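model.txt (compact mmCIF, C-alpha atoms)
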# COMPACT_ATOMS: atom_id res chain seq x y z
CA MET A 1 0.00 0.00 0.00
CA ILE A 2 1.33 3.42 -0.99
CA THR A 3 0.25 6.62 0.71
CA ILE A 4 1.05 9.93 -0.98
CA LYS A 5 0.85 13.29 0.75
CA LEU A 6 1.64 16.65 -0.78
CA HIS A 7 2.59 19.28 1.79
CA THR A 8 3.07 23.03 1.77
CA ASP A 9 4.66 24.46 4.92
CA GLY A 10 3.57 21.38 6.83
CA ASP A 11 -0.07 21.52 5.75
CA VAL A 12 -1.51 18.69 3.66
CA VAL A 13 -2.82 20.16 0.43
CA ASN A 14 -3.36 16.97 -1.57
CA GLN A 15 -3.64 13.32 -0.58
CA ALA A 16 -4.88 12.06 -3.95
CA LEU A 17 -1.79 12.81 -6.01
CA PRO A 18 -1.28 10.09 -8.65
CA LEU A 19 2.00 8.22 -8.37
CA THR A 20 2.89 9.01 -11.96
CA GLU A 21 2.78 12.78 -11.30
CA ILE A 22 5.33 12.78 -8.49
CA SER A 23 8.26 13.64 -10.74
CA GLU A 24 6.42 16.71 -12.08
CA VAL A 25 5.71 18.02 -8.56
CA ILE A 26 9.32 17.45 -7.53
CA ALA A 27 10.54 19.37 -10.58
CA LYS A 28 8.58 22.47 -9.49
CA GLY A 29 10.49 22.58 -6.20
CA ASP A 30 7.92 24.59 -4.22
CA GLN A 31 6.23 21.71 -2.37
CA LEU A 32 7.18 18.56 -0.54
CA VAL A 33 5.96 15.07 -1.46
CA TRP A 34 5.93 12.37 1.20
CA VAL A 35 5.39 8.88 -0.16
CA ASP A 36 5.01 6.09 2.37
CA ALA A 37 5.21 2.62 0.79
CA TYR A 38 4.04 -0.25 2.98
CA GLN A 39 4.94 -3.69 1.56
CA PRO A 40 5.37 -2.35 -1.98
CA THR A 41 5.28 -4.80 -4.87
CA THR A 42 8.07 -5.19 -7.40
CA ASP A 43 6.18 -3.12 -9.96
CA GLU A 44 5.52 -0.36 -7.44
CA ILE A 45 9.20 -0.25 -6.47
CA ALA A 46 10.18 0.02 -10.12
CA LEU A 47 7.72 2.90 -10.61
CA LEU A 48 9.01 4.68 -7.49
CA GLN A 49 12.57 4.30 -8.73
CA GLU A 50 11.60 5.90 -12.01
CA GLU A 51 9.59 8.77 -10.52
CA PHE A 52 12.24 9.68 -7.94
CA SER A 53 15.24 8.92 -10.21
CA LEU A 54 16.79 6.67 -7.55
CA HIS A 55 20.05 4.83 -8.02
CA PRO A 56 19.65 1.04 -8.45
CA LEU A 57 22.12 0.35 -5.63
CA ALA A 58 20.08 2.53 -3.29
CA ILE A 59 16.90 0.64 -4.17
CA GLU A 60 18.69 -2.66 -3.63
CA ASP A 61 19.82 -1.63 -0.15
CA ALA A 62 16.37 -0.31 0.72
CA VAL A 63 14.44 -3.46 -0.16
CA ILE A 64 16.91 -5.97 1.32
CA ARG A 65 15.77 -6.94 4.79
CA HIS A 66 18.04 -6.82 7.83
CA GLU A 67 20.36 -4.28 6.25
CA ARG A 68 22.75 -2.66 8.67
CA PRO A 69 21.62 0.84 9.80
CA LYS A 70 23.51 3.39 7.74
CA VAL A 71 23.35 6.64 5.84
CA GLU A 72 24.58 6.94 2.24
CA GLN A 73 24.79 10.11 0.22
CA PHE A 74 24.18 9.97 -3.50
CA ASP A 75 24.30 12.88 -5.94
CA ASP A 76 21.03 14.53 -4.98
CA PHE A 77 19.49 12.43 -2.20
CA LEU A 78 20.23 10.58 1.03
CA LEU A 79 19.44 6.97 1.86
CA ILE A 80 18.93 6.34 5.58
CA ILE A 81 18.40 2.82 6.92
CA PHE A 82 16.83 2.90 10.36
CA TYR A 83 14.81 0.48 12.49
CA ALA A 84 11.54 0.52 14.39
CA MET A 85 11.06 -1.78 17.39
CA GLU A 86 8.04 -3.20 19.12
CA CYS A 87 7.54 -5.41 22.16
CA ASP A 88 4.81 -8.03 22.29
CA PRO A 89 2.64 -7.30 25.36
CA ILE A 90 2.05 -11.02 26.01
CA ASP A 91 5.38 -12.82 25.63
CA HIS A 92 7.53 -9.62 25.64
CA ALA A 93 9.29 -10.68 22.44
CA ILE A 94 11.12 -7.79 20.79
CA SER A 95 10.92 -7.51 17.01
CA VAL A 96 12.73 -5.05 14.75
CA HIS A 97 11.45 -3.65 11.44
CA GLN A 98 13.61 -1.99 8.82
CA VAL A 99 12.63 1.47 7.60
CA SER A 100 14.31 2.85 4.48
CA ILE A 101 14.16 6.63 4.06
CA PHE A 102 15.03 8.46 0.84
CA ALA A 103 15.36 12.22 1.32
CA GLY A 104 15.94 14.59 -1.59
CA ARG A 105 15.00 18.09 -2.68
CA GLY A 106 11.24 18.26 -2.55
CA TYR A 107 10.50 14.71 -1.44
CA VAL A 108 10.79 12.05 1.25
CA LEU A 109 10.18 8.40 0.44
CA THR A 110 9.77 5.76 3.16
CA LEU A 111 9.74 2.00 2.55
CA HIS A 112 8.84 -0.59 5.20
CA ASN A 113 7.28 -4.05 5.45
CA ALA A 114 5.57 -3.70 8.83
CA THR A 115 2.87 -1.45 10.21
CA LEU A 116 4.46 1.38 12.17
CA PRO A 117 2.26 3.07 14.82
CA GLU A 118 4.99 5.70 15.22
CA PHE A 119 4.12 7.13 11.80
CA ASP A 120 0.63 8.09 12.98
CA ALA A 121 2.00 11.08 14.89
CA ILE A 122 4.51 12.15 12.25
CA GLU A 123 2.39 14.88 10.70
CA GLN A 124 1.77 16.56 14.05
CA ARG A 125 5.49 16.48 14.83
CA TRP A 126 6.20 17.92 11.41
CA VAL A 127 3.79 20.79 11.88
CA THR A 128 5.21 21.46 15.35
CA HIS A 129 8.80 21.81 14.12
CA ARG A 130 8.25 23.44 10.72
CA GLU A 131 8.42 26.95 12.20
CA GLN A 132 11.94 26.37 13.53
CA ILE A 133 13.36 24.99 10.30
CA ARG A 134 10.85 26.17 7.70
CA ALA A 135 13.45 26.55 4.96
CA HIS A 136 14.42 22.89 5.05
CA LEU A 137 11.22 20.92 4.61
CA PRO A 138 12.80 17.52 3.86
CA ALA A 139 14.96 17.89 6.95
CA VAL A 140 11.89 18.61 9.10
CA LEU A 141 10.17 15.44 7.94
CA VAL A 142 13.31 13.29 8.25
CA TYR A 143 13.86 14.66 11.75
CA SER A 144 10.24 13.90 12.67
CA LEU A 145 10.50 10.34 11.30
CA LEU A 146 13.72 9.50 13.13
CA ASP A 147 12.54 11.19 16.31
CA ALA A 148 9.35 9.11 16.32
CA LEU A 149 11.29 5.88 15.75
CA VAL A 150 13.73 6.59 18.58
CA ASP A 151 10.94 7.63 20.94
CA GLY A 152 9.35 4.26 20.21
CA TYR A 153 12.33 2.60 21.92
CA LEU A 154 11.54 4.19 25.31
CA PRO A 155 8.47 2.03 26.18
CA ILE A 156 10.57 -1.05 25.39
CA ILE A 157 13.25 0.17 27.80
CA ASP A 158 10.60 0.61 30.50
CA ASP A 159 9.32 -2.91 29.86
CA LEU A 160 12.85 -4.32 30.10
CA SER A 161 13.36 -2.50 33.40
CA ASP A 162 10.21 -4.07 34.85
CA ARG A 163 11.24 -7.53 33.65
CA ILE A 164 14.67 -7.18 35.24
CA ASP A 165 13.05 -6.17 38.54
CA ASP A 166 10.91 -9.32 38.37
CA ILE A 167 13.98 -11.45 37.68
CA GLU A 168 15.82 -9.99 40.67
CA ASP A 169 12.83 -10.78 42.89
CA SER A 170 12.67 -14.34 41.55
CA VAL A 171 16.38 -14.85 42.25
CA PHE A 172 16.71 -13.29 45.69
CA GLU A 173 13.26 -13.88 47.18
CA ARG A 174 11.78 -16.99 45.55
CA PHE A 175 14.76 -18.56 43.78
CA ASP A 176 12.65 -19.47 40.80
CA THR A 177 14.32 -22.24 38.80
CA GLU A 178 13.13 -20.60 35.57
CA ALA A 179 15.00 -17.38 36.37
CA LEU A 180 18.07 -18.60 34.48
CA GLN A 181 16.04 -19.04 31.30
CA HIS A 182 14.55 -15.53 31.69
CA ILE A 183 18.01 -14.04 32.25
CA PHE A 184 19.43 -15.50 29.06
CA GLY A 185 16.30 -14.49 27.15
CA LEU A 186 16.70 -10.90 28.29
CA LYS A 187 20.41 -10.89 27.47
CA ARG A 188 19.52 -12.04 23.96
CA ASP A 189 16.98 -9.23 23.60
CA LEU A 190 19.49 -6.65 24.81
CA LEU A 191 22.10 -7.96 22.38
CA THR A 192 19.58 -7.69 19.52
CA MET A 193 18.79 -4.10 20.44
CA ARG A 194 22.42 -3.13 20.81
CA LYS A 195 23.31 -4.59 17.41
CA VAL A 196 20.73 -2.22 15.91
CA LEU A 197 21.19 0.86 18.08
CA THR A 198 24.99 1.08 17.93
CA PRO A 199 25.13 1.64 14.14
CA GLU A 200 22.10 3.94 14.42
CA ARG A 201 24.17 6.12 16.74
CA ASP A 202 26.77 6.35 13.98
CA VAL A 203 24.02 7.28 11.50
CA LEU A 204 22.88 10.19 13.65
CA ASN A 205 26.47 11.22 14.23
CA LEU A 206 26.96 11.51 10.48
CA LEU A 207 23.69 13.38 10.02
CA MET A 208 24.77 15.94 12.61
CA ARG A 209 28.15 16.55 11.03
CA ARG A 210 27.52 16.37 7.29
CA ASP A 211 26.31 19.18 5.06
CA THR A 212 24.08 17.62 2.40
CA PRO A 213 21.83 18.79 -0.44
CA VAL A 214 18.84 17.97 1.78
CA TYR A 215 19.70 20.22 4.72
CA ASN A 216 22.51 22.37 6.07
CA ASP A 217 24.20 22.84 9.44
CA GLU A 218 21.26 24.75 10.89
CA ALA A 219 18.86 21.85 10.35
CA ALA A 220 21.47 19.28 11.38
CA ARG A 221 21.51 20.68 14.90
CA TYR A 222 18.05 19.26 15.47
CA PHE A 223 19.39 15.75 15.00
CA GLN A 224 21.39 16.29 18.19
CA ASP A 225 18.14 15.88 20.13
CA ILE A 226 17.55 12.44 18.59
CA TYR A 227 21.19 11.56 19.20
CA ASP A 228 20.84 12.37 22.91
CA HIS A 229 17.71 10.21 23.21
CA LEU A 230 19.46 7.32 21.50
CA LEU A 231 22.45 7.64 23.82
CA ARG A 232 20.13 7.44 26.79
CA VAL A 233 18.65 4.22 25.40
CA LEU A 234 22.11 2.76 24.83
CA ASP A 235 23.18 3.73 28.36
CA SER A 236 20.10 1.98 29.72
CA ILE A 237 20.93 -1.15 27.73
CA ASP A 238 24.49 -1.19 29.11
CA THR A 239 23.10 -0.78 32.63
CA PHE A 240 20.62 -3.60 32.09
CA ARG A 241 23.39 -5.88 30.82
CA ASP A 242 25.40 -5.21 33.98
CA LEU A 243 22.34 -5.88 36.15
CA LEU A 244 21.65 -9.15 34.34
CA SER A 245 25.27 -10.22 34.72
CA SER A 246 25.03 -9.53 38.45
CA ALA A 247 21.71 -11.38 38.64
CA LEU A 248 23.26 -14.35 36.82
CA GLU A 249 26.21 -14.41 39.21
CA SER A 250 23.84 -14.16 42.16
CA TYR A 251 21.69 -16.98 40.79
CA LEU A 252 24.70 -19.25 40.38
CA SER A 253 25.96 -18.29 43.85
CA VAL A 254 22.59 -19.02 45.46
CA GLN A 255 22.37 -22.29 43.57
CA SER A 256 25.87 -23.24 44.71
CA ASN A 257 25.02 -22.40 48.33
CA ARG A 258 21.84 -24.48 48.13
CA MET A 259 23.83 -27.36 46.68
CA ASN A 260 26.40 -27.05 49.47
CA GLN A 261 23.58 -27.15 52.04
CA VAL A 262 22.15 -30.27 50.40
CA MET A 263 25.58 -31.93 50.46
CA LYS A 264 25.98 -31.05 54.16
CA THR A 265 22.59 -32.56 54.95
CA LEU A 266 23.35 -35.73 52.99
CA THR A 267 26.78 -36.03 54.61
CA ALA A 268 25.35 -35.63 58.11
CA SER A 269 22.62 -38.17 57.39
CA SER A 270 25.19 -40.61 56.00
CA ILE A 271 27.37 -40.28 59.13
CA ILE A 272 24.38 -40.94 61.41
CA LEU A 273 23.34 -43.96 59.37
CA MET A 274 26.92 -45.29 59.33
CA MET A 275 27.17 -45.09 63.13
CA MET A 276 23.86 -46.92 63.48
CA SER A 277 25.06 -49.49 60.94
CA LEU A 278 28.29 -49.89 62.95
CA ILE A 279 26.35 -50.77 66.09
CA ALA A 280 24.08 -53.12 64.16
CA GLY A 281 27.12 -54.72 62.50
CA ILE A 282 28.86 -55.34 65.81
CA TYR A 283 25.84 -57.03 67.35
CA GLY A 284 25.17 -58.91 64.15
CA MET A 285 28.49 -60.84 64.21
CA ASN A 286 26.89 -63.60 66.36
CA PHE A 287 30.02 -64.66 68.24
CA LEU A 288 29.25 -67.24 70.90
CA HIS A 289 30.86 -65.45 73.83
CA MET A 290 29.41 -61.96 73.22
CA PRO A 291 28.20 -60.80 76.69
CA GLU A 292 25.01 -59.17 75.44
CA LEU A 293 24.07 -61.93 72.99
CA GLN A 294 22.04 -63.93 75.54
CA TRP A 295 20.84 -60.89 77.48
CA HIS A 296 17.07 -60.57 77.69
CA TYR A 297 17.13 -56.80 77.02
CA GLY A 298 20.01 -56.81 74.54
CA TYR A 299 17.78 -56.05 71.55
CA PHE A 300 16.22 -53.03 73.21
CA MET A 301 19.60 -51.88 74.47
CA SER A 302 21.08 -51.90 70.96
CA LEU A 303 18.10 -49.96 69.59
CA GLY A 304 18.42 -47.43 72.37
CA LEU A 305 22.13 -47.07 71.74
CA MET A 306 21.45 -46.44 68.04
CA GLY A 307 18.82 -43.82 68.89
CA MET A 308 21.09 -42.10 71.40
CA VAL A 309 23.98 -41.95 68.89
CA ALA A 310 21.63 -40.60 66.19
CA LEU A 311 20.25 -37.95 68.59
CA VAL A 312 23.68 -36.79 69.75
CA LEU A 313 25.08 -36.59 66.21
CA GLY A 314 21.91 -34.86 65.01
CA LEU A 315 22.27 -32.17 67.69
CA VAL A 316 25.95 -31.69 66.83
CA PHE A 317 25.22 -31.31 63.12
CA LYS A 318 22.26 -29.05 63.83
CA LYS A 319 24.51 -26.75 65.84
CA ARG A 320 26.93 -26.63 62.93
CA ASP A 321 24.03 -25.79 60.61
CA TRP A 322 24.35 -28.96 58.58
CA PHE A 323 20.60 -29.54 58.75

Represent the structure of the file as structure tokens.
Amino acid sequence: MITIKLHTDGDVVNQALPLTEISEVIAKGDQLVWVDAYQPTTDEIALLQEEFSLHPLAIEDAVIRHERPKVEQFDDFLLIIFYAMECDPIDHAISVHQVSIFAGRGYVLTLHNATLPEFDAIEQRWVTHREQIRAHLPAVLVYSLLDALVDGYLPIIDDLSDRIDDIEDSVFERFDTEALQHIFGLKRDLLTMRKVLTPERDVLNLLMRRDTPVYNDEAARYFQDIYDHLLRVLDSIDTFRDLLSSALESYLSVQSNRMNQVMKTLTASSIILMMMSLIAGIYGMNFLHMPELQWHYGYFMSLGLMGMVALVLGLVFKKRDWF
């Protein structure tokens, strides 16, 4: 599905612009065309390439999934590969979706294969910021797009924080045996996010420091705000990784202590049983001249002796906290 919006100073003036007339509007240079292509077909991509005069290599990078986040400058446009993230509210699985952004004089083209709720608020953000950087309309829209994508990471960070708190409770208070599985699952999610966010930081760094045909230094300053938000997300991920490493060490330490306690209990029980077996073995040798062998109360005496030995050893081990 392709959505086309024609803007003038941030106001939508036409939403029914035919795809084949985009090149004519771009040639005039007095308006901005935003084309959002959701799951475009091969024919639609070919038509977009023709209308926007895009380089074949840029189209190839844009449609390939799982491309590394990057920014590439061609003769008269920029290609920005960025990612949107979402967290499933049920199983908390984190999924990433590639967003390819073409920005040139008079147009912005976005390609993606997943629905992006962040794009719903883009127009309002664009209108809000157009007064500050009115002379650079593509830059305003690109800034609004990237800002919305990065702001979408913050709820995921909050969800990760809550999950880590639950894991710490399960380790230190309940010692849940499934905590280890949750820890490694979270570490995998954090690694996935970091593999995406680290190159995105480099993308924003380049956007802040490069003068392009799409915007100049004045507009580039606004990307510093997105850069700061992304750094905060990366700092949170590093903190979460440290917390998970500490939780993992604590889990293994608690497990080791519990195992040591079990070994102490088994050892103490074995010693008590061995002493009782020793007494039973002595009186089970059946030598003829054993003094207690013909005694009427010998059986009860041996049982009492076993019980007394077990009680004394049990109290000793209890004092040493072996039980």

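Of note, CA of Asp159 (chain A) and CA of Met85 (chain A) are spaced 12.6 Å apart.
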
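For the point (24.3, -50.5, 67.2) in file coordinates, the residues within 6 Å, using only C-alpha atoms, are Met276, Leu278, Ile279, Ala280, Ser302 and Met306 of chain A.
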
**Asked** Which is closest to Tyr227 (chain A) among A:Ala58, A:Ala247, A:Leu204, A:Val142, if we use all atoms listed in the file?
**Response**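 Looking at the shortest contact to Tyr227 (chain A), the residue is A:Leu204.
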
**Message:** For Asn260 (chain A), find every residue with an atom within 10 Å (counting only C-alpha atoms), except residues of its own chain fewer than 6 positions away, and show them as an MDAnalysis selection string.
**Reply:** chainID A and resid 254 266 322

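Neighbours of Tyr283 (chain A) closer than or equal to 12 Å, with all atoms listed in the file counted and sequence neighbours fewer than 3 positions away skipped, come out as Met276, Ser277, Leu278, Ile279, Ala280, Asn286, Phe287, Leu288, His289, Met290, Pro291, Glu292, Leu293, Gln294, Trp295, Gly298, Tyr299, Phe300, Met301, Ser302, Leu303, Leu305 and Met306 of chain A.
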
May I have the centre and edge lengths, in Å to one decimal, of an axis-aligned box around the listed atoms of region 40-49 of chain A with 3 Å added to every side, as AutoDock Vina command-line options?
--center_x 8.9 --center_y -0.3 --center_z -6.3 --size_x 13.3 --size_y 15.9 --size_z 14.6

**Point (16.9, -17.2, 38.6) neighbourhood (8 Å, all atoms listed in the file) written as a PyMOL selection string** = chain A and resi 167-168+170-171+175-183+247-248+251

Would you export the selected residues with C-alpha atoms as a CSV table (one decimal), in the coordinates of the input, please?
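Saved as selection16.csv:
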chain,number,residue,atom,x,y,z
A,167,ILE,CA,14.0,-11.4,37.7
A,168,GLU,CA,15.8,-10.0,40.7
A,170,SER,CA,12.7,-14.3,41.6
A,171,VAL,CA,16.4,-14.8,42.2
A,175,PHE,CA,14.8,-18.6,43.8
A,176,ASP,CA,12.6,-19.5,40.8
A,177,THR,CA,14.3,-22.2,38.8
A,178,GLU,CA,13.1,-20.6,35.6
A,179,ALA,CA,15.0,-17.4,36.4
A,180,LEU,CA,18.1,-18.6,34.5
A,181,GLN,CA,16.0,-19.0,31.3
A,182,HIS,CA,14.6,-15.5,31.7
A,183,ILE,CA,18.0,-14.0,32.2
A,247,ALA,CA,21.7,-11.4,38.6
A,248,LEU,CA,23.3,-14.4,36.8
A,251,TYR,CA,21.7,-17.0,40.8

**Request:** For each of A:Leu234, A:Leu197, A:Val96, A:Ile80, take the minimum atom-to-atom distance to Leu145 (chain A), counting all atoms listed in the file, then give the residue where this is smallest.
**Result:**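 Result for the nearest residue to Leu145 (chain A): A:Ile80.
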
**Asked** Taking into account all atoms listed in the file, which residue in the set A:Val316, A:Met308, A:Ile156, A:Ala84 is nearest to Glu200 (chain A)?
**Response** A:Ala84

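Taking CA of Ala103 (chain A) and CA of Ala121 (chain A) as endpoints, the distance between them is 19.1 Å.
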
**Request:** Extract, using all atoms listed in the file, all DNA, RNA and protein residues at most 10 Å from Leu206 (chain A), discarding same-chain residues fewer than 3 positions from it, and format them as a list in words.
**Result:**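 After dropping sequence-adjacent residues, the list is Lys70, Val71, Glu72, Glu200, Arg201, Asp202, Val203, Arg209, Arg210, Asp211, Ala220 and Phe223 of chain A.
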
Residue subset to file, keeping C-alpha atoms, as an mmCIF file, keeping the file's coordinate frame:
data_model
loop_
_atom_site.group_PDB
_atom_site.id
_atom_site.type_symbol
_atom_site.label_atom_id
_atom_site.label_comp_id
_atom_site.auth_asym_id
_atom_site.auth_seq_id
_atom_site.Cartn_x
_atom_site.Cartn_y
_atom_site.Cartn_z
ATOM 1 C CA LYS A 70 23.510 3.390 7.740
ATOM 2 C CA VAL A 71 23.350 6.640 5.840
ATOM 3 C CA GLU A 72 24.580 6.940 2.240
ATOM 4 C CA GLU A 200 22.100 3.940 14.420
ATOM 5 C CA ARG A 201 24.170 6.120 16.740
ATOM 6 C CA ASP A 202 26.770 6.350 13.980
ATOM 7 C CA VAL A 203 24.020 7.280 11.500
ATOM 8 C CA ARG A 209 28.150 16.550 11.030
ATOM 9 C CA ARG A 210 27.520 16.370 7.290
ATOM 10 C CA ASP A 211 26.310 19.180 5.060
ATOM 11 C CA ALA A 220 21.470 19.280 11.380
ATOM 12 C CA PHE A 223 19.390 15.750 15.000
#

**Fill in**
Expressed in Å, the length from CA of Gly104 (chain A) to CA of Leu78 (chain A) is 6.4 Å

**Asked** Within 12 Å of Met1 (chain A), counting all atoms listed in the file, which residues qualify if same-chain residues fewer than 5 places away don't, as an MDAnalysis selection string?
**Response** chainID A and resid 19 35:41 44:45 110:115

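Taking only C-alpha atoms into account, Leu311 (chain A) lies nearest to A:Met275 out of the set A:Leu243, A:Val25, A:Met275, A:Ala139.
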
**Prompt:** Which residues, written as a PyMOL selection string, have at least one atom at most 12 Å from Ala46 (chain A), with all atoms listed in the file counted and residues fewer than 5 positions away on the same chain left out?
**Reply:** chain A and resi 19-20+40-41+51-56+59-60+63
